[in-house]
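A quick write-up on the structure given underneath.
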4 protein chains.
Amino acid sequence: MNISTEDYILTKKQNDNHQTIIDVNGTIIGGNNIVAIAGPCAVENNDTIYKIAEQVKQAGATILRGGAFKPRTSPYQFQGLKLEGLRLLRDASTSNNLLVVTELLDVYDLEDVYEYSDIIQIGARNMQNFPILKEVGKLNKPVILKRGLSATIHEFLFAAEYIMQAGNSNVILCERGIRTFEPFTRNTLDISAVPLLQQLTHLPVIVDPSHGCGLSELVPSLCKASVAVGSDGIMVEVHTNPSDAISDKEQTISTKDFTTLMNELKPIANAIGRTI
Amino acid sequence: MNISTEDYILTKKQNDNHQTIIDVNGTIIGGNNIVAIAGPCAVENNDTIYKIAEQVKQAGATILRGGAFKPRTSPYQFQGLKLEGLRLLRDASTSNNLLVVTELLDVYDLEDVYEYSDIIQIGARNMQNFPILKEVGKLNKPVILKRGLSATIHEFLFAAEYIMQAGNSNVILCERGIRTFEPFTRNTLDISAVPLLQQLTHLPVIVDPSHGCGLSELVPSLCKASVAVGSDGIMVEVHTNPSDAISDKEQTISTKDFTTLMNELKPIANAIGRTI
Amino acid sequence: MNISTEDYILTKKQNDNHQTIIDVNGTIIGGNNIVAIAGPCAVENNDTIYKIAEQVKQAGATILRGGAFKPRTSPYQFQGLKLEGLRLLRDASTSNNLLVVTELLDVYDLEDVYEYSDIIQIGARNMQNFPILKEVGKLNKPVILKRGLSATIHEFLFAAEYIMQAGNSNVILCERGIRTFEPFTRNTLDISAVPLLQQLTHLPVIVDPSHGCGLSELVPSLCKASVAVGSDGIMVEVHTNPSDAISDKEQTISTKDFTTLMNELKPIANAIGRTI
Amino acid sequence: MNISTEDYILTKKQNDNHQTIIDVNGTIIGGNNIVAIAGPCAVENNDTIYKIAEQVKQAGATILRGGAFKPRTSPYQFQGLKLEGLRLLRDASTSNNLLVVTELLDVYDLEDVYEYSDIIQIGARNMQNFPILKEVGKLNKPVILKRGLSATIHEFLFAAEYIMQAGNSNVILCERGIRTFEPFTRNTLDISAVPLLQQLTHLPVIVDPSHGCGLSELVPSLCKASVAVGSDGIMVEVHTNPSDAISDKEQTISTKDFTTLMNELKPIANAIGRTI
């Protein structure tokens, strides 16, 4: 490999068997089973999040995703339901026996996000927000760290190193597409990042194909590729009715399509000796 | 989808069942079976190309690749064995009952390349070399058209349109990685290009993960992703002894690893209802 | 122009004469005079920052830059002198009759940075850190907003819109290079962003060629280009002895070279009807 | 500098005073005077090319540009007037005492392009078309080599090395924008390439801001930046009536604006001790 990794300390894979396995209330991330994380871009209302939770659970997801605090390009776009969104997300998850992952956007909201979630997400725009990395590094909850829009693998690992250096070793890396010249897709999913990271670090690596391409038509195929390439999980934007979604409707698949997809992923997982 | 495709005529998929199937002397490209194309970056000598041909055939490849005319960044690098390389490639293929694909770099060499090959490759640097596209468009041999280093999907389809408009409808599109900011990998394999192209065009789509990432350690995983994502073929740089390869040694896998890989790809192909 | 700007409200240029002019204690930004901002990457010690301040002032700079809180890729790299750095920077500036600009990295440090600086910088990594944008939007001090590493012009303007929407209309946009495939330079300075932004927004636009290219040998030429293209200011990393600089030594020019440069910039500014 | 250049031989600058100066029938490229190359994207008809030639000559241009063979993304777009275009271009130039530069797209047209032009252009898409580089390397006419859309500086220099290695040492390098993620501009003009190349090679370096940004509103500002940064020439798309241009109308400026621009460039050239 053509870049020295000698500066990584805590994130570095020490040998071929060095693999972090994270146990979140009984759900294992980084083991032989591939986790399925699903849910809407944003929590919208009680009825919708409940139905989505119920249906993704039935399809085989074990973790519910949903944004309560939304990072939006424009200040005039919907910014999320905030605390109310956290509560709805928690209720829908608990009722359906799902874990919750949600994004922390502002250190100011840390206590609330900590209280209502099982896994805390640091979004792509905050991958090098060092103060927030240090804060979640002090927590005893797992963190999903999304790769920055133009972050190199080198920078991605060092961002995880910030969290681990502050004390939290339960970091899950999430490839979610990088910014390239191609205008057809919202981002370009860097599928090679999965095996590359798995050779460099012991941390679990998951893939978010929804943001990775931005087009719902491509999401199922990219989930299949993610499973086959060796990803430890997939994170998918799912809605009962994508065309009604407040945000990210172009990249959201229906709960029905998600159910079909989960059935298609099982034999692929089995083909590489894993389960989903 | 966010870009109009109304300008494509010959490459455009007319309906869901519109799919070009290319029969090259009995080997089918674009059908249910996924083709495996394997061989060295460059043809080096008779003994090496023969052994590689023999071993990739045993592993399940049906097409032998190998460069006789090499496009190289520097004029001081090895430029290929030229006509002698074509002859060695043909002999090794015929002896092992394999088809031959090799790159045409210069219209001047068209007759020779035509005579000695079964499929003609247009390399990434020539994807918008319109005169050469028009020339291979006049032939009755299939063409593998590789995506340019920074070609958009839109430009890629129009390059194929140039070939088809000149009369040759047997075009195979090959995703081989695009140029991004990431320095760890030689290129970034745009895996989403496969399902995207398959929704836009009826032409077969294959993947070259060797150039796609430039690192042999990642090639097997990316082949698995390519099969799972729905690619109609894979094109892999393989050598009996990669560390001795004259060119592209960092991205070439051994014939032994290729054999293992082919065995691993079969259940993944089966999992999506295909064969390899 | 090919992208609608109708969504911008506060940042939008309403007519050809619409231009924000910011008066910082008598130093005008956005007027006919081009401001020169100079200083080290990081404040290192009292003696060095004092000498740099003295020499850049003599050369014609009116604003001293220097980092007290440093965003660094690795947690093991020098993170800045923090509060002590702010004090040294303020002392050196006041003694030499210069204004101070320094980066705010963490909302937690807002009071200190506010107290010791005249202009607050939001760095490239925080361009879409919406909570920090909203906080500086409540202040009555000008903000230099640096373009994100892979931020589009569209996203850059909306980040400024966040600050203005929160109440602070004294925003200065700073082009500092974008991330591309080119490995020779640290970033690629997008010089076209200057006239493009000046046609879209009434806010002053300055250029940071030091981060823009990452190579001190190119900085003087890029300053000349920045002045000629119409930039309202330049921001340059300058050190008494660049080879001793703790950080960014490759892109830092000497105070001696900065003095020569300022003399070379004057006739170029005059040639376009401005001063520096 | 962070990349070894030891492999360049013929293109390499041997010392600070090593500078190739090309004399094209009395017009000097690479000397103290900055050359202005202007003309339409494509030669359209006799009347238009004559008027453009006449007006750009009056404004101070010494070389007329115009395409007779056009590389177009789609085979259904206007491909140029071909031989007829070459004749019209030559006539308009000779009548107005201008030199001619035009693009060679196909080796097949080499004799015609050689006969009717003074300088031969190799376009961005052909920067790594090695057969055509070798062919123009055998000629005794200067070559303008445009940087590829995603070519690194390293690859750009080696492409020039191919031409020089074949025998032609009169190569002029042209920066014309690179492909990045930014959608507002057609390309991103890499202005830093000019001083960077001038430190690495003795060959003259010019800038094409028209393709560099793709927006006529930005072209004058980018010409000013190009002159100030030290470019040995500018190449601008100019038409008597841009809105009527058959191709590239968005990036073409009027002959009237070109005249104004040339007057504005003179004092900038003078400010850096040069003329235009």
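Order determines the names: the first chain of the structure tokens is A, the second B, and so forth; residues in each chain are numbered 1 upward, and ligands are numbered 1 upward as they are shown.
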Next on the checklist: I'd like the contact shell of Asn33 (chain A) - 6 Å cut-off, only C-alpha atoms, skipping same-chain residues fewer than 5 positions apart - returned as a count of residues only.
Outcome noted: 3
Checklist entry - Got a sec to tell me which of region 69-112 of chain C DSSP assigns to strand (DSSP E), as a ChimeraX atom specification? => result /C:99-103
Checklist entry - What residues in chain A lie within 6 Å of chain B, counting only C-alpha atoms, written as a ChimeraX atom specification? => result /A:152,182,221,224-225,228-229,267-268,271
For the residues in the current selection, export C-alpha atoms as a compact mmCIF listing (two decimals), in the first residue's frame.
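For reference, again-v3.txt as written:
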# COMPACT_ATOMS: atom_id res chain seq x y z
CA THR A 152 -9.37 10.90 2.25
CA GLU A 182 -20.02 12.95 -12.04
CA SER A 221 -28.00 -2.90 -6.37
CA LYS A 224 -25.98 -6.05 -2.83
CA ALA A 225 -22.52 -4.81 -3.75
CA ALA A 228 -20.69 -8.87 -1.26
CA VAL A 229 -17.70 -6.57 -0.75
CA PRO A 267 -28.40 -15.45 -0.18
CA ILE A 268 -25.60 -13.02 -1.05
CA ALA A 271 -22.58 -16.88 -0.36
Next on the checklist: What's around region 157-171 of chain C at 9 Å? Count only C-alpha atoms, leave out sequence neighbours fewer than 2 positions away in its own chain, and write the answer as a PyMOL selection string.
Outcome noted: (chain A and resi 73-76) or (chain C and resi 7-12+20-22+127-130+132-145+152-155+173+197+200-201+203-204)
Next on the checklist: So that I can see what lies close to region 101-109 of chain C, please list as number ranges by chain the residues with an atom at most 8 Å from it, counting only C-alpha atoms and leaving out residues fewer than 6 positions away in the same chain.
Outcome noted: A: 131; C: 63-71, 117-123, 126, 132, 135
Could you name the residues that touch Val238 (chain D) at 12 Å or less, counting only C-alpha atoms, but leaving out those on the same chain fewer than 6 positions away, as a compact mmCIF listing (two decimals) with N, CA and C atoms, in the first residue's frame?
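Once written, result29.txt looks like this:
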# COMPACT_ATOMS: atom_id res chain seq x y z
N ALA D 36 -1.56 37.24 -27.73
CA ALA D 36 -3.01 37.13 -27.64
C ALA D 36 -3.50 36.34 -28.84
N ILE D 37 -4.13 35.21 -28.55
CA ILE D 37 -4.70 34.33 -29.57
C ILE D 37 -6.22 34.44 -29.44
N ALA D 38 -6.90 34.74 -30.52
CA ALA D 38 -8.34 34.96 -30.42
C ALA D 38 -9.04 34.45 -31.67
N GLY D 39 -10.30 34.14 -31.50
CA GLY D 39 -11.09 33.68 -32.63
C GLY D 39 -12.25 32.82 -32.17
N PRO D 40 -13.05 32.38 -33.13
CA PRO D 40 -14.26 31.63 -32.77
C PRO D 40 -13.94 30.18 -32.38
N CYS D 41 -14.89 29.56 -31.73
CA CYS D 41 -14.76 28.13 -31.45
C CYS D 41 -14.59 27.39 -32.76
N ALA D 42 -15.56 27.57 -33.67
CA ALA D 42 -15.51 26.89 -34.96
C ALA D 42 -15.55 27.93 -36.09
N VAL D 43 -14.86 27.63 -37.19
CA VAL D 43 -15.00 28.44 -38.40
C VAL D 43 -16.39 28.16 -38.94
N THR D 48 -18.06 35.70 -41.50
CA THR D 48 -17.88 35.78 -40.05
C THR D 48 -16.41 35.68 -39.66
N ILE D 49 -15.70 34.70 -40.21
CA ILE D 49 -14.31 34.51 -39.81
C ILE D 49 -13.46 35.71 -40.26
N LYS D 51 -14.51 38.90 -40.52
CA LYS D 51 -14.79 40.03 -39.61
C LYS D 51 -14.14 39.82 -38.24
N ILE D 52 -14.22 38.59 -37.75
CA ILE D 52 -13.58 38.31 -36.46
C ILE D 52 -12.08 38.55 -36.55
N ALA D 53 -11.48 38.05 -37.64
CA ALA D 53 -10.03 38.20 -37.83
C ALA D 53 -9.65 39.68 -37.84
N GLU D 54 -10.40 40.43 -38.60
CA GLU D 54 -10.13 41.86 -38.74
C GLU D 54 -10.20 42.58 -37.39
N GLN D 55 -11.22 42.24 -36.62
CA GLN D 55 -11.44 42.95 -35.36
C GLN D 55 -10.50 42.51 -34.25
N VAL D 56 -10.16 41.22 -34.19
CA VAL D 56 -9.22 40.80 -33.14
C VAL D 56 -7.82 41.31 -33.47
N LYS D 57 -7.52 41.42 -34.76
CA LYS D 57 -6.23 42.00 -35.16
C LYS D 57 -6.15 43.46 -34.70
N ALA D 59 -7.64 44.78 -32.32
CA ALA D 59 -7.59 44.83 -30.85
C ALA D 59 -6.22 44.46 -30.31
N ALA D 61 -4.60 41.18 -31.16
CA ALA D 61 -4.24 39.76 -31.28
C ALA D 61 -3.25 39.59 -32.43
N LEU D 64 -4.80 33.98 -34.96
CA LEU D 64 -6.23 33.67 -35.08
C LEU D 64 -6.46 32.20 -34.77
N ARG D 65 -7.41 31.92 -33.90
CA ARG D 65 -7.78 30.54 -33.64
C ARG D 65 -9.14 30.25 -34.27
N GLY D 66 -9.43 29.00 -34.53
CA GLY D 66 -10.71 28.62 -35.11
C GLY D 66 -10.66 27.14 -35.44
N ASP D 208 -6.06 29.30 -21.55
CA ASP D 208 -7.32 29.43 -22.28
C ASP D 208 -8.44 29.58 -21.24
N PRO D 209 -8.79 30.81 -20.90
CA PRO D 209 -9.81 31.00 -19.86
C PRO D 209 -11.22 30.68 -20.36
N SER D 210 -11.42 30.67 -21.68
CA SER D 210 -12.77 30.43 -22.21
C SER D 210 -13.22 29.02 -21.84
N SER D 216 -18.78 33.37 -20.32
CA SER D 216 -18.19 34.57 -20.91
C SER D 216 -18.05 35.71 -19.91
N VAL D 219 -14.60 35.55 -18.33
CA VAL D 219 -13.40 35.49 -19.17
C VAL D 219 -12.49 36.70 -19.01
N PRO D 220 -13.01 37.94 -19.05
CA PRO D 220 -12.09 39.09 -18.91
C PRO D 220 -11.32 39.06 -17.59
N ASP D 244 -24.91 34.16 -31.68
CA ASP D 244 -25.13 33.45 -32.94
C ASP D 244 -24.11 32.33 -33.17
N ALA D 245 -23.13 32.20 -32.29
CA ALA D 245 -22.08 31.20 -32.52
C ALA D 245 -22.67 29.80 -32.56
N SER D 247 -21.13 27.00 -31.83
CA SER D 247 -20.73 26.21 -30.67
C SER D 247 -20.07 27.11 -29.63
N ASP D 248 -20.12 26.69 -28.37
CA ASP D 248 -19.47 27.39 -27.26
C ASP D 248 -19.96 28.81 -27.06
N LYS D 249 -21.21 29.09 -27.38
CA LYS D 249 -21.67 30.48 -27.28
C LYS D 249 -21.64 31.00 -25.83
N GLU D 250 -21.81 30.13 -24.87
CA GLU D 250 -21.86 30.57 -23.47
C GLU D 250 -20.50 31.12 -23.00
N GLN D 251 -19.43 30.67 -23.64
CA GLN D 251 -18.10 31.06 -23.16
C GLN D 251 -17.39 32.00 -24.12
N THR D 252 -18.08 32.46 -25.15
CA THR D 252 -17.46 33.31 -26.16
C THR D 252 -17.76 34.77 -25.86
N ILE D 253 -16.74 35.63 -25.94
CA ILE D 253 -16.97 37.06 -25.76
C ILE D 253 -17.03 37.74 -27.12
N SER D 254 -17.60 38.93 -27.14
CA SER D 254 -17.73 39.65 -28.40
C SER D 254 -16.41 40.32 -28.78
N THR D 255 -16.25 40.60 -30.05
CA THR D 255 -15.05 41.31 -30.51
C THR D 255 -14.96 42.68 -29.82
N LYS D 256 -16.10 43.27 -29.53
CA LYS D 256 -16.11 44.57 -28.84
C LYS D 256 -15.54 44.41 -27.42
N ASP D 257 -16.01 43.38 -26.70
CA ASP D 257 -15.50 43.15 -25.34
C ASP D 257 -14.03 42.75 -25.37
N PHE D 258 -13.62 42.06 -26.43
CA PHE D 258 -12.22 41.67 -26.54
C PHE D 258 -11.34 42.91 -26.72
N THR D 259 -11.83 43.87 -27.46
CA THR D 259 -11.08 45.12 -27.67
C THR D 259 -10.91 45.86 -26.34
N LEU D 261 -11.05 44.53 -23.40
CA LEU D 261 -10.18 43.69 -22.57
C LEU D 261 -8.71 43.91 -22.89
Next on the checklist: Quick check, in Å to one decimal: how far apart do CA of Val35 (chain C) and CA of Gly233 (chain C) lie?
Outcome noted: 4.4 Å
